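structure17.pdb, holding PDB, C-alpha atoms and all ligand atoms:
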ATOM      1  CA  MET A 827     -19.984  24.190  38.736
ATOM      2  CA  LEU A 828     -23.197  22.629  37.516
ATOM      3  CA  SER A 829     -24.109  24.543  34.406
ATOM      4  CA  TYR A 830     -24.458  21.635  31.976
ATOM      5  CA  GLN A 831     -27.984  20.529  31.182
ATOM      6  CA  HIS A 832     -28.398  17.541  28.969
ATOM      7  CA  ALA A 833     -31.760  18.790  27.682
ATOM      8  CA  TYR A 834     -29.896  21.081  25.264
ATOM      9  CA  HIS A 835     -28.233  18.090  23.621
ATOM     10  CA  ALA A 836     -30.793  15.296  23.997
ATOM     11  CA  GLY A 837     -30.990  12.923  21.063
ATOM     12  CA  ASN A 838     -27.841  14.165  19.338
ATOM     13  CA  PHE A 839     -25.355  11.888  17.560
ATOM     14  CA  ALA A 840     -23.456  11.272  20.800
ATOM     15  CA  ASP A 841     -26.628  10.161  22.583
ATOM     16  CA  VAL A 842     -27.366   7.754  19.741
ATOM     17  CA  HIS A 843     -23.857   6.288  20.013
ATOM     18  CA  LYS A 844     -24.010   6.087  23.818
ATOM     19  CA  HIS A 845     -27.501   4.674  24.135
ATOM     20  CA  LEU A 846     -27.102   2.139  21.341
ATOM     21  CA  THR A 847     -23.980   0.873  23.082
ATOM     22  CA  LEU A 848     -25.824   0.762  26.400
ATOM     23  CA  PHE A 849     -28.791  -0.995  24.811
ATOM     24  CA  ALA A 850     -26.507  -3.633  23.287
ATOM     25  CA  VAL A 851     -24.720  -4.271  26.585
ATOM     26  CA  ILE A 852     -28.046  -4.709  28.414
ATOM     27  CA  ASP A 853     -29.244  -7.018  25.658
ATOM     28  CA  HIS A 854     -26.259  -9.298  26.186
ATOM     29  CA  LEU A 855     -26.533  -9.216  29.977
ATOM     30  CA  LEU A 856     -30.192 -10.226  29.811
ATOM     31  CA  ARG A 857     -29.258 -13.543  28.235
ATOM     32  CA  LYS A 858     -28.637 -14.910  31.730
ATOM     33  CA  ALA A 859     -31.166 -14.987  34.564
ATOM     34  CA  SER A 860     -28.834 -14.053  37.415
ATOM     35  CA  PRO A 861     -29.627 -10.671  38.991
ATOM     36  CA  ILE A 862     -27.912  -7.492  37.873
ATOM     37  CA  THR A 863     -27.342  -4.216  39.703
ATOM     38  CA  TYR A 864     -27.190  -1.266  37.337
ATOM     39  CA  ILE A 865     -25.713   2.047  38.461
ATOM     40  CA  ASP A 866     -26.059   5.210  36.401
ATOM     41  CA  THR A 867     -23.666   7.707  37.993
ATOM     42  CA  HIS A 868     -24.808  10.779  36.036
ATOM     43  CA  ALA A 869     -28.438  10.132  35.252
ATOM     44  CA  GLY A 870     -29.832  13.435  33.965
ATOM     45  CA  ARG A 871     -33.594  13.974  33.686
ATOM     46  CA  GLY A 872     -34.565  10.645  32.248
ATOM     47  CA  LEU A 873     -36.886  11.791  29.485
ATOM     48  CA  TYR A 874     -36.621  14.750  27.128
ATOM     49  CA  PRO A 875     -39.620  16.208  25.256
ATOM     50  CA  LEU A 876     -38.132  17.430  21.981
ATOM     51  CA  ALA A 877     -40.433  20.443  22.009
ATOM     52  CA  ALA A 878     -39.101  21.664  25.375
ATOM     53  CA  GLU A 879     -37.526  25.100  25.153
ATOM     54  CA  GLU A 880     -33.976  23.917  25.913
ATOM     55  CA  THR A 881     -34.053  20.964  23.525
ATOM     56  CA  ALA A 882     -35.760  22.877  20.722
ATOM     57  CA  ARG A 883     -33.203  25.688  20.949
ATOM     58  CA  LEU A 884     -30.283  23.840  19.328
ATOM     59  CA  GLN A 885     -32.292  20.947  17.887
ATOM     60  CA  GLU A 886     -29.255  18.685  18.000
ATOM     61  CA  TYR A 887     -31.609  15.733  17.745
ATOM     62  CA  GLN A 888     -32.198  16.639  14.086
ATOM     63  CA  ASP A 889     -28.707  15.393  13.199
ATOM     64  CA  GLY A 890     -28.975  12.477  15.569
ATOM     65  CA  VAL A 891     -31.985  10.416  16.485
ATOM     66  CA  VAL A 892     -34.257  12.002  13.857
ATOM     67  CA  ARG A 893     -32.058  10.599  11.058
ATOM     68  CA  LEU A 894     -32.575   7.081  12.402
ATOM     69  CA  TRP A 895     -36.245   7.597  13.128
ATOM     70  CA  GLN A 896     -36.883   8.721   9.555
ATOM     71  CA  ALA A 897     -35.112   5.637   8.211
ATOM     72  CA  ARG A 898     -36.682   3.251  10.739
ATOM     73  CA  ASN A 899     -38.488   1.064   8.224
ATOM     74  CA  ARG A 900     -35.278   0.394   6.347
ATOM     75  CA  LEU A 901     -33.265  -0.069   9.533
ATOM     76  CA  SER A 902     -35.765  -2.351  11.231
ATOM     77  CA  GLU A 903     -34.123  -5.486   9.817
ATOM     78  CA  THR A 904     -30.645  -4.555  11.047
ATOM     79  CA  PRO A 905     -29.787  -6.436  14.226
ATOM     80  CA  LEU A 906     -29.953  -4.241  17.306
ATOM     81  CA  LEU A 907     -31.202  -1.174  15.419
ATOM     82  CA  GLY A 908     -34.634  -2.691  14.872
ATOM     83  CA  GLU A 909     -34.993  -3.446  18.594
ATOM     84  CA  TRP A 910     -33.560  -0.062  19.606
ATOM     85  CA  LEU A 911     -35.947   1.811  17.322
ATOM     86  CA  SER A 912     -38.930  -0.165  18.482
ATOM     87  CA  ALA A 913     -37.969   0.599  22.111
ATOM     88  CA  LEU A 914     -37.768   4.263  21.133
ATOM     89  CA  GLY A 915     -41.239   3.962  19.619
ATOM     90  CA  ARG A 916     -42.599   2.726  22.955
ATOM     91  CA  VAL A 917     -41.802   6.068  24.600
ATOM     92  CA  GLN A 918     -43.846   8.041  22.093
ATOM     93  CA  ASP A 919     -47.472   9.040  22.647
ATOM     94  CA  GLN A 920     -48.328   8.569  19.003
ATOM     95  CA  ASP A 921     -47.108   5.808  16.724
ATOM     96  CA  ASN A 922     -45.581   7.854  13.974
ATOM     97  CA  ARG A 923     -44.281  10.878  15.816
ATOM     98  CA  LEU A 924     -41.013  11.333  17.597
ATOM     99  CA  ASP A 925     -41.905  13.647  20.487
ATOM    100  CA  TYR A 926     -39.564  12.372  23.190
ATOM    101  CA  TYR A 927     -36.007  11.216  23.492
ATOM    102  CA  PRO A 928     -35.290   8.937  26.451
ATOM    103  CA  GLY A 929     -32.139   9.322  28.526
ATOM    104  CA  SER A 930     -30.078   6.616  30.170
ATOM    105  CA  PRO A 931     -32.498   6.129  33.144
ATOM    106  CA  TRP A 932     -35.169   5.100  30.684
ATOM    107  CA  TRP A 933     -32.914   2.840  28.601
ATOM    108  CA  LEU A 934     -31.762   1.144  31.799
ATOM    109  CA  SER A 935     -35.178   0.773  33.410
ATOM    110  CA  ASP A 936     -37.130  -0.260  30.316
ATOM    111  CA  ARG A 937     -35.951  -3.863  30.470
ATOM    112  CA  LEU A 938     -35.312  -4.076  34.195
ATOM    113  CA  ARG A 939     -36.431  -7.468  35.504
ATOM    114  CA  GLN A 940     -37.817  -8.182  38.958
ATOM    115  CA  GLN A 941     -34.538  -9.680  40.099
ATOM    116  CA  ASP A 942     -32.519  -6.625  38.986
ATOM    117  CA  SER A 943     -32.083  -3.222  40.574
ATOM    118  CA  LEU A 944     -31.136   0.188  39.261
ATOM    119  CA  LYS A 945     -29.603   3.170  41.045
ATOM    120  CA  LEU A 946     -29.811   6.545  39.339
ATOM    121  CA  ILE A 947     -27.520   9.225  40.730
ATOM    122  CA  GLU A 948     -27.804  12.883  39.813
ATOM    123  CA  LEU A 949     -26.213  15.891  41.513
ATOM    124  CA  HIS A 950     -28.008  18.820  39.903
ATOM    125  CA  PRO A 951     -31.059  19.590  42.058
ATOM    126  CA  VAL A 952     -33.211  20.644  39.101
ATOM    127  CA  GLU A 953     -32.257  17.601  37.024
ATOM    128  CA  HIS A 954     -32.800  15.336  40.022
ATOM    129  CA  GLY A 955     -36.201  16.996  40.520
ATOM    130  CA  HIS A 956     -37.154  16.165  36.922
ATOM    131  CA  LEU A 957     -35.972  12.601  37.419
ATOM    132  CA  MET A 958     -38.160  12.268  40.507
ATOM    133  CA  GLN A 959     -41.169  13.114  38.339
ATOM    134  CA  GLN A 960     -40.607  10.132  36.054
ATOM    135  CA  SER A 961     -42.702   7.065  36.504
ATOM    136  CA  LEU A 962     -40.201   4.248  37.036
ATOM    137  CA  PRO A 963     -40.416   0.684  38.372
ATOM    138  CA  SER A 964     -40.196   0.123  42.141
ATOM    139  CA  ASN A 965     -36.755  -1.478  41.913
ATOM    140  CA  VAL A 966     -35.314   1.838  40.722
ATOM    141  CA  GLN A 967     -33.716   4.031  43.371
ATOM    142  CA  ARG A 968     -33.094   7.717  42.669
ATOM    143  CA  LEU A 969     -30.284   9.348  44.609
ATOM    144  CA  HIS A 970     -29.343  12.992  44.883
ATOM    145  CA  GLY A 971     -25.557  13.084  45.185
ATOM    146  CA  ASP A 972     -22.151  12.856  43.573
ATOM    147  CA  GLY A 973     -22.094   9.990  41.094
ATOM    148  CA  LEU A 974     -18.489   8.868  41.421
ATOM    149  CA  LYS A 975     -18.451   9.071  45.226
ATOM    150  CA  GLU A 976     -21.748   7.191  45.481
ATOM    151  CA  LEU A 977     -20.468   4.511  43.132
ATOM    152  CA  ASP A 978     -17.351   4.020  45.194
ATOM    153  CA  ARG A 979     -19.362   3.943  48.417
ATOM    154  CA  ARG A 980     -21.836   1.373  47.128
ATOM    155  CA  LEU A 981     -19.392  -1.251  45.865
ATOM    156  CA  PRO A 982     -19.327  -4.196  46.042
ATOM    157  CA  VAL A 983     -22.995  -5.002  45.416
ATOM    158  CA  LYS A 984     -25.048  -7.964  46.555
ATOM    159  CA  THR A 985     -26.051  -9.195  43.104
ATOM    160  CA  PRO A 986     -23.752 -11.526  41.152
ATOM    161  CA  ARG A 987     -23.548  -9.029  38.280
ATOM    162  CA  LEU A 988     -22.938  -5.289  38.032
ATOM    163  CA  CYS A 989     -23.232  -2.880  35.128
ATOM    164  CA  VAL A 990     -22.242   0.785  35.503
ATOM    165  CA  LEU A 991     -22.709   3.738  33.184
ATOM    166  CA  ILE A 992     -20.406   6.703  33.836
ATOM    167  CA  ASP A 993     -21.518   9.641  31.743
ATOM    168  CA  PRO A 994     -20.307  12.926  33.260
ATOM    169  CA  SER A 995     -20.606  16.362  31.735
ATOM    170  CA  TYR A 996     -16.800  16.897  31.990
ATOM    171  CA  GLU A 997     -17.273  20.513  33.005
ATOM    172  CA  ARG A 998     -14.134  20.323  35.122
ATOM    173  CA  LYS A 999     -10.749  19.306  33.700
ATOM    174  CA  ASP A1000     -10.188  17.017  36.681
ATOM    175  CA  GLU A1001     -13.187  14.884  35.800
ATOM    176  CA  TYR A1002     -11.248  12.801  33.262
ATOM    177  CA  ASP A1003      -8.781  11.732  35.907
ATOM    178  CA  GLU A1004     -11.489  11.253  38.548
ATOM    179  CA  VAL A1005     -13.442   9.003  36.203
ATOM    180  CA  ALA A1006     -10.348   6.897  35.491
ATOM    181  CA  ARG A1007      -9.464   6.562  39.167
ATOM    182  CA  THR A1008     -13.022   5.660  40.128
ATOM    183  CA  ALA A1009     -13.265   3.094  37.331
ATOM    184  CA  ILE A1010      -9.981   1.447  38.335
ATOM    185  CA  LYS A1011     -11.104   1.291  41.961
ATOM    186  CA  ALA A1012     -14.514  -0.084  40.980
ATOM    187  CA  MET A1013     -12.925  -2.815  38.866
ATOM    188  CA  ALA A1014     -10.640  -3.763  41.742
ATOM    189  CA  LYS A1015     -13.694  -4.182  43.977
ATOM    190  CA  VAL A1016     -15.887  -5.977  41.415
ATOM    191  CA  ARG A1017     -13.600  -7.643  38.884
ATOM    192  CA  HIS A1018     -16.366  -9.029  36.668
ATOM    193  CA  ALA A1019     -18.295  -5.717  36.446
ATOM    194  CA  VAL A1020     -19.181  -4.274  33.060
ATOM    195  CA  LEU A1021     -18.406  -0.553  33.001
ATOM    196  CA  LEU A1022     -19.377   1.878  30.277
ATOM    197  CA  ILE A1023     -17.701   5.260  30.145
ATOM    198  CA  TRP A1024     -18.708   8.023  27.767
ATOM    199  CA  TYR A1025     -16.303  10.833  26.845
ATOM    200  CA  PRO A1026     -16.360  13.738  24.377
ATOM    201  CA  LEU A1027     -13.726  14.222  21.693
ATOM    202  CA  LEU A1028     -12.762  17.863  22.045
ATOM    203  CA  PRO A1029     -10.020  19.879  20.342
ATOM    204  CA  SER A1030      -8.123  19.877  23.659
ATOM    205  CA  GLY A1031      -7.808  16.083  23.382
ATOM    206  CA  ARG A1032      -8.271  15.842  27.140
ATOM    207  CA  HIS A1033      -9.942  12.429  26.858
ATOM    208  CA  ARG A1034      -6.444  10.993  26.317
ATOM    209  CA  GLU A1035      -5.787  11.546  30.035
ATOM    210  CA  LEU A1036      -8.695   9.242  30.762
ATOM    211  CA  LEU A1037      -7.538   6.597  28.287
ATOM    212  CA  ASP A1038      -3.916   6.686  29.440
ATOM    213  CA  ALA A1039      -4.868   6.523  33.099
ATOM    214  CA  LEU A1040      -7.003   3.452  32.418
ATOM    215  CA  ARG A1041      -4.171   1.788  30.545
ATOM    216  CA  THR A1042      -1.621   2.434  33.245
ATOM    217  CA  GLY A1043      -4.146   1.532  35.943
ATOM    218  CA  GLY A1044      -3.873  -2.129  35.058
ATOM    219  CA  LEU A1045      -7.271  -2.549  33.410
ATOM    220  CA  ARG A1046      -7.616  -5.262  30.814
ATOM    221  CA  LYS A1047     -10.345  -5.886  28.274
ATOM    222  CA  VAL A1048     -11.301  -2.324  27.377
ATOM    223  CA  TRP A1049     -13.106  -1.915  24.081
ATOM    224  CA  ARG A1050     -13.247   1.586  22.651
ATOM    225  CA  SER A1051     -15.541   2.950  19.993
ATOM    226  CA  GLU A1052     -15.649   6.478  18.652
ATOM    227  CA  LEU A1053     -18.075   8.262  16.398
ATOM    228  CA  ILE A1054     -16.062  11.022  14.767
ATOM    229  CA  ARG A1055     -17.880  14.017  13.474
ATOM    230  CA  PRO A1056     -16.063  17.073  12.116
ATOM    231  CA  ALA A1057     -16.777  20.070  14.341
ATOM    232  CA  SER A1058     -18.153  22.112  11.454
ATOM    233  CA  LEU A1059     -21.106  19.744  11.348
ATOM    234  CA  GLY A1060     -21.818  20.084  15.031
ATOM    235  CA  GLN A1061     -23.169  22.853  17.158
ATOM    236  CA  GLN A1062     -21.609  21.617  20.364
ATOM    237  CA  HIS A1063     -18.729  23.975  21.113
ATOM    238  CA  GLY A1064     -16.244  22.102  18.983
ATOM    239  CA  MET A1065     -17.189  18.580  20.018
ATOM    240  CA  GLN A1066     -15.580  16.491  17.290
ATOM    241  CA  GLY A1067     -16.878  13.146  18.326
ATOM    242  CA  SER A1068     -18.312  10.816  20.893
ATOM    243  CA  GLY A1069     -16.312   8.101  22.615
ATOM    244  CA  MET A1070     -17.449   5.027  24.500
ATOM    245  CA  LEU A1071     -15.389   2.607  26.495
ATOM    246  CA  VAL A1072     -16.754  -0.751  27.518
ATOM    247  CA  ILE A1073     -14.689  -2.437  30.197
ATOM    248  CA  ASN A1074     -15.302  -6.204  30.249
ATOM    249  CA  PRO A1075     -17.646  -6.173  27.231
ATOM    250  CA  PRO A1076     -19.941  -9.208  27.014
ATOM    251  CA  TRP A1077     -18.842 -11.738  24.419
ATOM    252  CA  GLY A1078     -20.222 -10.956  20.933
ATOM    253  CA  LEU A1079     -21.032  -7.319  21.753
ATOM    254  CA  GLU A1080     -18.376  -5.898  19.476
ATOM    255  CA  GLU A1081     -19.643  -7.623  16.339
ATOM    256  CA  ARG A1082     -23.285  -6.635  16.857
ATOM    257  CA  LEU A1083     -22.492  -3.041  17.655
ATOM    258  CA  VAL A1084     -20.108  -2.602  14.774
ATOM    259  CA  THR A1085     -22.758  -3.885  12.366
ATOM    260  CA  ALA A1086     -25.370  -1.526  13.789
ATOM    261  CA  MET A1087     -23.115   1.515  13.979
ATOM    262  CA  SER A1088     -21.781   0.920  10.475
ATOM    263  CA  ALA A1089     -25.360   0.899   9.191
ATOM    264  CA  ILE A1090     -26.078   4.349  10.615
ATOM    265  CA  THR A1091     -22.750   6.169  10.271
ATOM    266  CA  LEU A1092     -23.462   7.518   6.802
ATOM    267  CA  LEU A1093     -26.977   8.477   7.850
ATOM    268  CA  LEU A1094     -25.499  10.718  10.522
ATOM    269  CA  GLY A1095     -23.504  12.678   7.949
ATOM    270  CA  GLU A1096     -21.212  12.114   4.990
ATOM    271  CA  ALA A1097     -18.085  13.060   6.908
ATOM    272  CA  VAL A1098     -18.956  10.989   9.965
ATOM    273  CA  ARG A1099     -16.730   7.988  10.771
ATOM    274  CA  TYR A1100     -17.008   5.132  13.232
ATOM    275  CA  GLN A1101     -13.857   3.528  14.575
ATOM    276  CA  HIS A1102     -13.219   0.935  17.228
ATOM    277  CA  ASP A1103     -10.383  -0.998  18.781
ATOM    278  CA  TRP A1104      -9.232  -2.729  21.925
ATOM    279  CA  TRP A1105      -7.733   0.054  23.959
ATOM    280  CA  VAL A1106      -6.266  -2.431  26.351
ATOM    281  CA  VAL A1107      -5.797  -5.972  25.151
ATOM    282  CA  GLU A1108      -5.765  -9.014  27.379
TER     283      GLU A1108
HETATM  284  N1  LIG B   1     -26.579   9.869  31.394
HETATM  285  C1  LIG B   1     -27.557  10.813  30.881
HETATM  286  C2  LIG B   1     -28.199  10.215  29.652
HETATM  287  O1  LIG B   1     -27.531   9.436  28.937
HETATM  288  O2  LIG B   1     -29.365  10.498  29.386
HETATM  289  C3  LIG B   1     -26.959  12.148  30.561
HETATM  290  C4  LIG B   1     -26.067  12.685  31.624
HETATM  291  S1  LIG B   1     -25.397  14.262  31.304
HETATM  292  C5  LIG B   1     -24.178  13.974  30.100
HETATM  293  C6  LIG B   1     -24.457  14.517  32.749
HETATM  294  C7  LIG B   1     -25.311  14.711  33.997
HETATM  295  O3  LIG B   1     -24.470  14.645  35.144
HETATM  296  C8  LIG B   1     -26.033  16.057  34.080
HETATM  297  O4  LIG B   1     -27.392  15.830  34.295
HETATM  298  C9  LIG B   1     -25.402  16.744  35.296
HETATM  299  O5  LIG B   1     -26.322  17.512  36.021
HETATM  300  C10 LIG B   1     -24.959  15.562  36.102
HETATM  301  N2  LIG B   1     -23.837  15.794  37.032
HETATM  302  C11 LIG B   1     -22.856  16.717  36.986
HETATM  303  N3  LIG B   1     -21.966  16.512  37.980
HETATM  304  C12 LIG B   1     -22.385  15.417  38.652
HETATM  305  C13 LIG B   1     -21.864  14.681  39.745
HETATM  306  N4  LIG B   1     -20.735  15.040  40.357
HETATM  307  N5  LIG B   1     -22.543  13.581  40.167
HETATM  308  C14 LIG B   1     -23.711  13.211  39.553
HETATM  309  N6  LIG B   1     -24.251  13.869  38.513
HETATM  310  C15 LIG B   1     -23.597  14.954  38.060
END

Let me see the structure of the file written as structure tokens.
Amino acid sequence: MLSYQHAYHAGNFADVHKHLTLFAVIDHLLRKASPITYIDTHAGRGLYPLAAEETARLQEYQDGVVRLWQARNRLSETPLLGEWLSALGRVQDQDNRLDYYPGSPWWLSDRLRQQDSLKLIELHPVEHGHLMQQSLPSNVQRLHGDGLKELDRRLPVKTPRLCVLIDPSYERKDEYDEVARTAIKAMAKVRHAVLLIWYPLLPSGRHRELLDALRTGGLRKVWRSELIRPASLGQQHGMQGSGMLVINPPWGLEERLVTAMSAITLLLGEAVRYQHDWWVVE
């Protein structure tokens, strides 16, 4: 079943949460020169014109990235947010207009250095086709296939460092468990890897299966952050929030992200809350 298309949701509050977290992780990793392999297991299209039919239909970006874009002058001094917003500005054709929202392939490739490499995996043929149209650096490889299987197959990597984003559409109930099992296996193969896992907070509470499986799977150092948004504010079939796990977060990440997320939580809606904790403590 491949019915999910991220274009309908591009730039929403969950994307802001996910991509700010990703941006912060990359920022920390770039402090050292040693090469990094990045793997994006569920890449999507890469770039989303906000005027595209699918994206304009629900306009979820209005309650997400647009809120930050409108406040960008005020937010520019806040650590991380200033850099994130100026990166977002680089994707636009015109200085003062937000016409595009970039997906994870763009956030990952934007600051890719010569010594690094990036693998973008996407299963949906149409989404993969869109991704193939994007102009990306030569050290980016685009693969048409199953993200979790490809990840498992490609580990360990040759570079001293590895950073993985796992961002499935969770269309199947089994995906929560599959993600947990793949993450545990990946961490056993590459113990120092930094893994980011996104999950939705749905009324079914199914994400708890993922969290519990990670806890019982022997993982340590898992930092969790959640952006809670009452369903009445959202248009996404009852999605009540966005969750991010960072396994092996770089030192200092937590503090920077909490400052940035706290600065935008109210902007995203009066009833919106940001919470974070160590899901698994060392
Ligand atoms: N990571 C993207 C971003 O942040 O811009 C969004 C990804 S979207 C939430 C999930 C994507 O996974 C969709 O494009 C979907 O087609 C793709 N997908 C679904 N099942 C997959 C699988 N088994 N392997 C790889 N990609 C898959």

8 Å shell around ligand LIG 1 (chain B) using only C-alpha atoms and all ligand atoms, listed as a ChimeraX atom specification: /A:827-832,836,841,844-845,866-873,928-931,947-951,953-954,970-975,991-997

Atom pair CA of Met1087 in chain A / CA of Ile1010 in chain A: separation (Å): 27.7 Å

Shell of 10 Å around Ala1012 in chain A, all atoms listed in the file, local chain residues under 6 positions omitted, as a compact mmCIF listing (two decimals) with C-alpha atoms, in the coordinates of the input:
# COMPACT_ATOMS: atom_id res chain seq x y z
CA LEU A 974 -18.49 8.87 41.42
CA LEU A 977 -20.47 4.51 43.13
CA ASP A 978 -17.35 4.02 45.19
CA ARG A 979 -19.36 3.94 48.42
CA ARG A 980 -21.84 1.37 47.13
CA LEU A 981 -19.39 -1.25 45.86
CA PRO A 982 -19.33 -4.20 46.04
CA VAL A 990 -22.24 0.78 35.50
CA ALA A 1006 -10.35 6.90 35.49
CA ALA A 1019 -18.30 -5.72 36.45
CA LEU A 1021 -18.41 -0.55 33.00

Nearest residue to Gln1101 in chain A from the set A:Gly1069, A:Gly915, A:Pro1075, A:Gly1031 (distances using only C-alpha atoms):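 The shortest atom-to-atom distance to Gln1101 in chain A comes from A:Gly1069.
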
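Using only C-alpha atoms, the nearest neighbour of Trp895 in chain A within the list A:Trp1105, A:Tyr874, A:Tyr927, A:Trp1077 is A:Tyr927.
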
Output of the PyMOL selection byres (((chain A and resi 1003) around 10) and not hetatm), listed as a ChimeraX atom specification: /A:999-1002,1004-1009,1032-1040

For CA of His835 in chain A and CA of Pro1026 in chain A, the interatomic separation in Å (one decimal):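 These two atoms are separated by 12.7 Å.
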
Answer key for the PyMOL selection byres (((chain A and resi 891) around 9) and not hetatm), residues as a ChimeraX atom specification: /A:837-839,841-842,886-890,892-896,927,1094
